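A.B. asks: Supplied structure: coords-v4.cif, mmCIF, C-alpha atoms.
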```cif
data_query
#
loop_
_atom_site.label_atom_id
_atom_site.label_comp_id
_atom_site.auth_asym_id
_atom_site.auth_seq_id
_atom_site.Cartn_x
_atom_site.Cartn_y
_atom_site.Cartn_z
CA MET A 1 10.70 43.86 -25.72
CA LYS A 2 9.18 41.63 -28.44
CA LEU A 3 6.32 42.92 -30.56
CA THR A 4 3.12 40.87 -30.60
CA LYS A 5 1.83 39.07 -33.70
CA GLU A 6 -0.95 41.68 -33.93
CA GLN A 7 1.60 44.49 -33.94
CA ILE A 8 3.58 42.71 -36.66
CA GLN A 9 0.36 42.44 -38.70
CA GLU A 10 -0.15 46.16 -38.12
CA LEU A 11 3.31 46.77 -39.57
CA PHE A 12 2.40 44.75 -42.68
CA LEU A 13 -0.73 46.90 -43.09
CA PHE A 14 1.37 50.01 -42.58
CA THR A 15 3.76 49.06 -45.37
CA GLN A 16 0.78 48.38 -47.65
CA LYS A 17 -0.62 51.83 -46.89
CA LYS A 18 2.79 53.26 -47.78
CA TRP A 19 2.64 51.66 -51.24
CA VAL A 20 4.73 48.56 -50.60
CA HIS A 21 2.49 45.94 -52.22
CA TYR A 22 5.08 43.20 -52.62
CA TYR A 23 5.17 40.57 -49.88
CA ASP A 24 8.90 39.78 -50.23
CA LEU A 25 9.79 43.43 -49.72
CA GLN A 26 7.21 43.87 -46.95
CA ILE A 27 8.88 41.06 -44.94
CA GLU A 28 12.24 42.83 -45.04
CA ILE A 29 10.84 46.27 -44.21
CA VAL A 30 8.58 44.92 -41.45
CA ASP A 31 11.54 43.16 -39.81
CA HIS A 32 13.57 46.37 -39.97
CA LEU A 33 10.73 48.46 -38.51
CA ALA A 34 10.01 45.86 -35.81
CA GLU A 35 13.63 45.60 -34.70
CA LYS A 36 13.97 49.37 -34.45
CA ILE A 37 10.63 49.79 -32.67
CA GLU A 38 11.50 47.07 -30.15
CA LEU A 39 14.74 48.86 -29.25
CA LEU A 40 13.07 52.28 -29.17
CA LEU A 41 10.38 51.02 -26.78
CA VAL A 42 13.08 49.73 -24.42
CA GLU A 43 15.08 52.94 -24.59
CA ASN A 44 12.00 55.13 -24.24
CA PRO A 45 9.23 53.30 -22.34
CA SER A 46 6.95 56.37 -22.38
CA LEU A 47 6.40 55.91 -26.12
CA ASP A 48 3.55 53.71 -27.35
CA PHE A 49 3.75 51.41 -30.40
CA LYS A 50 2.21 53.90 -32.85
CA GLN A 51 4.45 56.76 -31.75
CA ALA A 52 7.50 54.53 -32.03
CA LEU A 53 6.42 53.46 -35.52
CA GLN A 54 6.09 57.07 -36.69
CA LYS A 55 9.50 57.89 -35.26
CA VAL A 56 11.11 54.92 -36.98
CA TYR A 57 9.36 55.64 -40.29
CA GLN A 58 10.82 59.17 -40.27
CA GLY A 59 14.24 57.52 -40.48
CA PHE A 60 13.38 56.40 -44.03
CA GLY A 61 13.45 60.03 -45.18
CA ILE A 62 10.87 62.14 -47.04
CA PHE A 63 10.31 59.54 -49.78
CA GLY A 64 9.57 56.79 -47.26
CA PHE A 65 9.77 53.36 -48.86
CA ALA A 66 9.32 54.66 -52.44
CA ASN A 67 13.04 54.57 -53.33
CA ILE A 68 13.46 51.06 -51.98
CA VAL A 69 10.49 49.77 -54.03
CA ARG A 70 11.62 51.50 -57.23
CA GLU A 71 15.20 50.30 -56.90
CA LYS A 72 14.09 46.75 -56.11
CA GLU A 73 11.81 46.71 -59.18
CA GLN A 74 14.76 47.72 -61.34
CA GLN A 75 16.97 45.09 -59.74
CA SER A 76 14.31 42.39 -60.29
CA VAL A 77 14.24 43.23 -64.00
CA ARG A 78 18.06 43.19 -64.12
CA TYR A 79 18.14 39.85 -62.33
CA GLY A 80 15.52 38.43 -64.72
CA LYS A 81 17.48 39.60 -67.76
CA LYS A 82 20.62 38.03 -66.31
CA LEU A 83 18.83 34.70 -65.81
CA PHE A 84 17.43 34.97 -69.33
CA ARG A 85 20.90 35.48 -70.83
CA ARG A 86 22.19 32.54 -68.75
CA GLU A 87 19.38 30.27 -70.03
CA LEU A 88 19.98 31.38 -73.61
CA ILE A 89 23.68 30.53 -73.34
CA ALA A 90 22.85 27.21 -71.65
CA LEU A 91 20.78 26.24 -74.70
CA PHE A 92 23.96 26.32 -76.75
CA LYS A 93 25.85 24.02 -74.40
CA LEU A 94 25.64 20.27 -73.99
CA PRO A 95 23.20 18.57 -73.60
CA GLN A 96 20.60 21.20 -74.63
CA ILE A 97 22.44 22.03 -77.84
CA LEU A 98 21.65 18.52 -79.08
CA PHE A 99 17.95 19.34 -78.84
CA ILE A 100 18.50 22.70 -80.56
CA LEU A 101 20.43 20.99 -83.36
CA PHE A 102 17.73 18.37 -83.76
CA LEU A 103 15.07 21.08 -83.82
CA SER A 104 17.09 23.10 -86.28
CA VAL A 105 17.43 20.15 -88.69
CA PHE A 106 13.76 19.25 -88.22
CA VAL A 107 12.52 22.79 -88.99
CA TRP A 108 14.85 23.09 -91.99
CA GLN A 109 13.70 19.75 -93.38
CA MET A 110 10.08 20.79 -92.92
CA THR A 111 10.72 23.94 -94.94
CA GLN A 112 12.20 21.73 -97.70
CA TRP A 113 9.45 19.11 -97.77
CA ILE A 114 6.31 21.12 -97.13
CA PRO A 115 5.35 24.20 -99.17
CA LEU A 116 5.37 27.42 -97.15
CA GLU A 117 1.71 28.04 -98.06
CA ILE A 118 0.86 25.08 -95.79
CA LEU A 119 3.73 25.27 -93.31
CA TYR A 120 3.25 28.95 -92.51
CA PRO A 121 -0.36 28.70 -91.24
CA VAL A 122 0.49 25.44 -89.42
CA PHE A 123 3.27 27.15 -87.51
CA LEU A 124 1.04 30.15 -86.82
CA ALA A 125 -1.64 27.87 -85.41
CA ALA A 126 0.91 25.95 -83.32
CA TRP A 127 2.30 29.22 -82.06
CA ALA A 128 -1.15 30.51 -81.14
CA MET A 129 -1.95 27.24 -79.30
CA VAL A 130 1.28 27.38 -77.29
CA SER A 131 0.62 31.04 -76.39
CA ILE A 132 -2.96 30.31 -75.31
CA TRP A 133 -1.81 27.33 -73.25
CA GLN A 134 0.90 29.45 -71.60
CA MET A 135 -1.64 32.19 -70.85
CA TYR A 136 -3.95 29.60 -69.27
CA VAL A 137 -1.10 28.21 -67.09
CA ASN A 138 -0.09 31.73 -66.02
CA ILE A 139 -3.66 32.65 -65.06
CA LYS A 140 -3.95 29.40 -63.09
CA ASN A 141 -0.64 30.09 -61.33
CA ASN A 142 -1.62 33.68 -60.56
CA LYS A 143 -4.84 32.46 -58.93
CA ARG A 144 -2.80 30.19 -56.64
CA GLN A 145 -0.61 33.11 -55.66
CA LYS A 146 -2.16 34.93 -52.71
CA LYS A 147 0.41 37.70 -52.40
CA LYS A 148 2.34 39.73 -54.94
CA LEU A 149 6.07 39.11 -55.05
CA LEU A 150 8.60 41.55 -56.38
CA MET A 151 10.95 38.75 -57.34
CA MET A 152 8.34 37.79 -59.97
CA TYR A 153 8.13 41.34 -61.31
CA PHE A 154 10.20 40.45 -64.38
CA GLN A 155 8.05 39.15 -67.25
CA PRO A 156 10.25 37.06 -69.54
CA GLN A 157 7.46 36.86 -72.13
CA SER A 158 8.30 40.44 -73.08
CA PHE A 159 11.54 39.06 -74.48
CA ILE A 160 9.83 37.13 -77.26
CA PRO A 161 10.77 38.87 -80.48
CA PHE A 162 7.90 40.52 -82.28
CA LEU A 163 9.14 39.47 -85.70
CA TRP A 164 6.56 36.73 -85.76
CA VAL A 165 3.69 39.06 -84.94
CA GLU A 166 4.91 41.54 -87.51
CA TYR A 167 4.87 38.89 -90.18
CA MET A 168 1.48 37.69 -89.09
CA PHE A 169 -0.19 41.09 -89.37
CA LEU A 170 1.92 43.15 -91.72
CA ALA A 171 3.40 40.88 -94.36
CA ASN A 172 1.40 40.65 -97.56
CA GLU A 173 3.63 37.98 -98.99
CA LEU A 174 4.95 34.76 -97.56
CA PRO A 175 8.46 35.10 -96.14
CA ASP A 176 11.46 33.62 -97.84
CA THR A 177 12.22 30.02 -96.71
CA SER A 178 15.45 30.97 -94.96
CA VAL A 179 13.81 33.99 -93.27
CA PHE A 180 10.95 31.76 -92.14
CA TYR A 181 13.43 29.19 -90.77
CA PHE A 182 15.38 31.90 -88.95
CA ILE A 183 12.24 33.40 -87.36
CA VAL A 184 10.92 30.02 -86.24
CA MET A 185 14.24 29.08 -84.62
CA LEU A 186 14.63 32.49 -82.97
CA VAL A 187 11.10 32.48 -81.57
CA VAL A 188 11.32 28.89 -80.31
CA ILE A 189 14.71 29.46 -78.64
CA PHE A 190 13.51 32.67 -76.96
CA LYS A 191 10.32 30.95 -75.88
CA ILE A 192 12.17 28.01 -74.28
CA ALA A 193 14.61 30.32 -72.46
CA SER A 194 11.86 32.64 -71.18
CA GLN A 195 9.75 29.71 -69.98
CA LYS A 196 12.75 28.29 -68.11
CA VAL A 197 13.37 31.66 -66.43
CA TYR A 198 9.71 31.91 -65.40
CA THR A 199 9.75 28.35 -63.98
CA ASN A 200 13.03 28.93 -62.10
CA ILE A 201 11.88 32.21 -60.55
CA ARG A 202 8.52 30.70 -59.59
CA THR A 203 10.16 27.62 -58.01
CA GLN A 204 12.50 29.89 -56.04
CA ALA A 205 9.54 32.05 -54.97
CA ILE A 206 7.55 29.03 -53.73
CA ARG A 207 10.58 27.76 -51.80
CA GLU A 208 11.40 31.12 -50.20
CA TYR A 209 7.88 32.47 -49.66
CA PRO A 210 5.48 29.54 -49.24
CA ASP A 211 3.03 31.87 -47.42
CA ALA A 212 2.52 33.78 -50.67
CA PHE A 213 1.03 30.73 -52.39
CA ALA A 214 -2.24 28.91 -51.70
CA MET B 215 31.26 65.43 -36.02
CA ALA B 216 29.25 63.04 -38.23
CA THR B 217 30.82 62.01 -41.55
CA ASN B 218 29.47 63.68 -44.69
CA SER B 219 27.24 61.01 -46.30
CA SER B 220 28.29 61.91 -49.86
CA LEU B 221 31.86 60.89 -48.96
CA TYR B 222 30.95 57.27 -48.35
CA LYS B 223 28.10 56.83 -50.89
CA GLY B 224 30.41 55.50 -53.59
CA SER B 225 31.91 53.01 -51.16
CA LEU B 226 28.64 51.68 -49.73
CA ALA B 227 28.74 48.43 -51.73
CA THR B 228 32.33 47.80 -50.60
CA ILE B 229 31.36 48.44 -46.98
CA ILE B 230 28.50 45.91 -47.25
CA LEU B 231 30.71 43.30 -48.92
CA LYS B 232 33.39 43.75 -46.26
CA LEU B 233 30.83 43.42 -43.45
CA LEU B 234 29.41 40.24 -44.95
CA ASN B 235 32.89 38.86 -45.52
CA GLU B 236 33.63 39.18 -41.81
CA ASN B 237 30.27 37.81 -40.67
CA VAL B 238 28.69 34.61 -41.94
CA LYS B 239 25.31 36.26 -42.43
CA MET B 240 23.71 39.58 -41.53
CA TYR B 241 20.36 41.31 -41.88
CA GLY B 242 19.76 44.93 -42.88
CA TYR B 243 19.24 46.49 -39.47
CA GLU B 244 22.21 44.58 -38.04
CA MET B 245 24.45 46.15 -40.70
CA THR B 246 23.34 49.68 -39.81
CA GLN B 247 24.16 49.00 -36.16
CA LYS B 248 27.49 47.37 -36.92
CA VAL B 249 28.59 50.36 -39.01
CA LYS B 250 27.48 52.70 -36.23
CA LEU B 251 29.49 50.68 -33.70
CA ILE B 252 32.66 50.46 -35.79
CA THR B 253 32.62 54.17 -36.64
CA GLU B 254 31.58 55.11 -33.08
CA GLY B 255 28.42 56.75 -34.37
CA GLN B 256 30.21 58.91 -36.94
CA LEU B 257 28.68 57.15 -39.93
CA ASN B 258 24.95 56.65 -40.23
CA LEU B 259 23.99 54.02 -42.78
CA THR B 260 20.46 55.07 -43.79
CA GLU B 261 17.77 52.55 -44.74
CA GLY B 262 17.05 54.46 -47.95
CA ALA B 263 20.62 53.85 -49.11
CA LEU B 264 21.26 50.43 -47.57
CA TYR B 265 18.39 48.39 -49.03
CA PRO B 266 18.74 49.51 -52.68
CA ALA B 267 22.47 48.74 -52.39
CA LEU B 268 21.75 45.29 -50.93
CA HIS B 269 19.20 44.51 -53.65
CA LYS B 270 21.63 45.59 -56.37
CA LEU B 271 24.42 43.42 -54.96
CA GLU B 272 21.99 40.50 -54.78
CA ALA B 273 20.87 40.98 -58.41
CA ASP B 274 24.55 41.08 -59.41
CA GLY B 275 25.13 37.75 -57.67
CA LEU B 276 27.68 39.22 -55.24
CA ILE B 277 25.55 38.41 -52.22
CA THR B 278 22.80 35.88 -51.63
CA SER B 279 19.86 35.81 -49.24
CA SER B 280 17.94 33.34 -47.13
CA MET B 281 14.78 33.59 -45.02
CA GLU B 282 14.56 32.60 -41.37
CA ASN B 283 11.66 32.50 -38.96
CA ILE B 284 12.65 34.37 -35.79
CA GLY B 285 9.48 33.74 -33.82
CA ASN B 286 7.04 36.55 -34.42
CA ARG B 287 8.27 37.36 -37.95
CA MET B 288 10.44 36.34 -40.88
CA ARG B 289 13.93 37.74 -41.35
CA LYS B 290 15.99 38.04 -44.51
CA TYR B 291 19.67 37.27 -44.03
CA TYR B 292 22.38 38.15 -46.53
CA SER B 293 25.70 36.40 -47.06
CA ILE B 294 28.57 36.97 -49.47
CA THR B 295 29.11 34.70 -52.48
CA ARG B 296 32.43 33.52 -53.89
CA THR B 297 32.13 36.08 -56.70
CA GLY B 298 31.35 38.69 -54.05
CA LYS B 299 34.55 37.88 -52.14
CA LYS B 300 36.60 38.29 -55.30
CA GLU B 301 34.84 41.58 -56.10
CA MET B 302 35.39 42.83 -52.55
CA LYS B 303 39.15 42.27 -52.78
CA GLU B 304 39.29 44.21 -56.05
CA ARG B 305 37.20 47.06 -54.67
CA LEU B 306 39.32 47.28 -51.52
CA LEU B 307 42.46 47.58 -53.64
CA GLU B 308 40.78 50.30 -55.70
CA LEU B 309 39.80 52.14 -52.53
CA GLN B 310 43.32 51.90 -51.11
CA SER B 311 44.73 53.29 -54.32
CA PHE B 312 42.13 56.09 -54.24
CA PHE B 313 43.03 56.98 -50.64
CA GLN B 314 46.69 57.11 -51.60
CA GLN B 315 45.97 59.40 -54.54
CA MET B 316 43.79 61.66 -52.38
CA GLN B 317 46.53 61.84 -49.77
CA ASN B 318 49.05 62.81 -52.43
CA LEU B 319 46.70 65.38 -53.88
CA LEU B 320 45.70 67.00 -50.63
CA SER B 321 49.17 67.19 -49.15
CA ILE B 322 50.49 69.24 -52.09
CA LYS B 323 52.10 72.43 -50.86
CA ILE B 324 52.14 75.34 -53.28
CA ALA B 325 55.47 77.10 -53.16
#
```
Can the structure in the file be given as structure tokens, please?
C.D. replies:
Amino acid sequence: MKLTKEQIQELFLFTQKKWVHYYDLQIEIVDHLAEKIELLLVENPSLDFKQALQKVYQGFGIFGFANIVREKEQQSVRYGKKLFRRELIALFKLPQILFILFLSVFVWQMTQWIPLEILYPVFLAAWAMVSIWQMYVNIKNNKRQKKKLLMMYFQPQSFIPFLWVEYMFLANELPDTSVFYFIVMLVVIFKIASQKVYTNIRTQAIREYPDAFA
Amino acid sequence: MATNSSLYKGSLATIILKLLNENVKMYGYEMTQKVKLITEGQLNLTEGALYPALHKLEADGLITSSMENIGNRMRKYYSITRTGKKEMKERLLELQSFFQQMQNLLSIKIA
């Protein structure tokens, strides 16, 4: 006995009420519930849909879906970290390493040619502009996203080292040239890797769950 | 007599990998039913244990997933990756060795 589209929608609402707010996880749980309910209704025709749903839900134990959501959140973070490490390593392989080397030489030369009193605020301004632009893109993307996805739970931006911010707010003196060079390279490399992870996860999400996007 | 769940908890990932190795692709509920069938109802693979294990294996790259429209809803299918197959073989060997050790341990007769 196949469930109707309305009953499937009811199952989606049920999962939401039970604190499953992520669409990708809802799909999996709804399919599981639906399959079990369909069989239960065949085996026991005296049951109605709601009774069957309650019976099936009991099978998830006293914590309901909570354990599944928590575990999946942890796995999404683990997966994101794994992708991040992979992207970082990829930056040190051909052909990306050529760009990193070019960037490295370029930043070093800048530190040699331009006094840090000028270079430091220029880099700060550039950094602020990139961050604002990224924030704007993220807000725009989030608006296009109709449903929350657990696969996008990982926020690679949190991987950006705070050394830069610390220098910006705490340092009374200008950093040493080599320290400045090191921070700039570290921040840029982390930023590139985290942006690539975000783009990859988002592309995968759009491909797998087109319904979640406007 | 149903099998004590704590006895198979540590082997859940191996069970999933083995199931997926023998079937091209499977979905969560299908796995619970397959395990029930193979063990003649002795082993009950609970949803609360199955899905976290599946998600962990997926994050580790041992299994992969794909979505399929089955008419009135979407379904998530899992399949084993090449790394997963390698991992499964290693885990099966470990399990066999463990069984052997347990057999040796439990068959000890005190004089």
A.B. asks: For the file shown, report as a list in words the outcome of the PyMOL selection byres ((chain A and resi 178) around 12) at residue level.
C.D. replies: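 After applying the PyMOL selection byres ((chain A and resi 178) around 12), what remains is Ser104, Val107, Trp108, Gln109, Met110, Thr111, Gln112, Leu116, Leu174, Pro175, Asp176, Thr177, Val179, Phe180, Tyr181, Phe182, Ile183, Val184 and Met185 of chain A.
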A.B. asks: Expanded to explicit residues, what is the PyMOL selection byres ((chain B and resi 270) around 12) for this file, as a ChimeraX atom specification?
C.D. replies: /A:68,70-79 /B:226-227,230-231,263-269,271-278
A.B. asks: Contacts of A:Leu11 at 8 Å or less, counting all atoms listed in the file, minus same-chain residues fewer than 4 places along, as a PyMOL selection string?
C.D. replies: chain A and resi 7+15+30+33-34
A.B. asks: Any chance you can output those residues with C-alpha atoms as a JSON list (two decimals), in the coordinates of the input?
C.D. replies:
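The result, stored in part-v3.json:
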```json
[["chain", "number", "residue", "atom", "x", "y", "z"],
["A", 7, "GLN", "CA", 1.60, 44.49, -33.94],
["A", 15, "THR", "CA", 3.76, 49.06, -45.37],
["A", 30, "VAL", "CA", 8.58, 44.92, -41.45],
["A", 33, "LEU", "CA", 10.73, 48.46, -38.51],
["A", 34, "ALA", "CA", 10.01, 45.86, -35.81]]
```
A.B. asks: Which residues are near stretch 141-151 of chain A? Cut-off 12 Å, only C-alpha atoms, ignore same chain within fewer than 3 positions. Put them as an MDAnalysis selection string.
C.D. replies: (chainID A and resid 16 20:28 68:80 134:138 154:155 197:206 208:214) or (chainID B and resid 269 272:273)
A.B. asks: For B:Leu259, please output as a list in words all residues within 10 Å (counting all atoms listed in the file; exclusion window: fewer than 3 positions along the same chain).
C.D. replies: Ser219, Tyr222, Lys223, Leu226, Tyr243, Met245, Thr246, Gln247, Lys248, Val249, Lys250, Gly255, Gln256, Gly262, Ala263 and Leu264 of chain B
A.B. asks: Let me know the residues the PyMOL selection byres ((chain A and resi 50) around 12) catches in the file above, as a PDB file with C-alpha atoms, in the coordinates of the input.
C.D. replies:
```pdb
ATOM      1  CA  LEU A   3       6.320  42.920 -30.560  1.00  0.00           C
ATOM      2  CA  GLN A   7       1.600  44.490 -33.940  1.00  0.00           C
ATOM      3  CA  ILE A   8       3.580  42.710 -36.660  1.00  0.00           C
ATOM      4  CA  GLU A  10      -0.150  46.160 -38.120  1.00  0.00           C
ATOM      5  CA  LEU A  11       3.310  46.770 -39.570  1.00  0.00           C
ATOM      6  CA  PHE A  14       1.370  50.010 -42.580  1.00  0.00           C
ATOM      7  CA  LEU A  33      10.730  48.460 -38.510  1.00  0.00           C
ATOM      8  CA  ALA A  34      10.010  45.860 -35.810  1.00  0.00           C
ATOM      9  CA  ILE A  37      10.630  49.790 -32.670  1.00  0.00           C
ATOM     10  CA  GLU A  38      11.500  47.070 -30.150  1.00  0.00           C
ATOM     11  CA  LEU A  40      13.070  52.280 -29.170  1.00  0.00           C
ATOM     12  CA  LEU A  41      10.380  51.020 -26.780  1.00  0.00           C
ATOM     13  CA  SER A  46       6.950  56.370 -22.380  1.00  0.00           C
ATOM     14  CA  LEU A  47       6.400  55.910 -26.120  1.00  0.00           C
ATOM     15  CA  ASP A  48       3.550  53.710 -27.350  1.00  0.00           C
ATOM     16  CA  PHE A  49       3.750  51.410 -30.400  1.00  0.00           C
ATOM     17  CA  GLN A  51       4.450  56.760 -31.750  1.00  0.00           C
ATOM     18  CA  ALA A  52       7.500  54.530 -32.030  1.00  0.00           C
ATOM     19  CA  LEU A  53       6.420  53.460 -35.520  1.00  0.00           C
ATOM     20  CA  GLN A  54       6.090  57.070 -36.690  1.00  0.00           C
ATOM     21  CA  LYS A  55       9.500  57.890 -35.260  1.00  0.00           C
ATOM     22  CA  VAL A  56      11.110  54.920 -36.980  1.00  0.00           C
ATOM     23  CA  TYR A  57       9.360  55.640 -40.290  1.00  0.00           C
TER      24      TYR A  57
END
```
A.B. asks: Give me, please, the distance in Å between atom CA of B:Lys290 and atom CA of B:Tyr241, quoted to one decimal.
C.D. replies: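 If I compute the distance from atom CA of B:Lys290 to atom CA of B:Tyr241, I get 6.1 Å.
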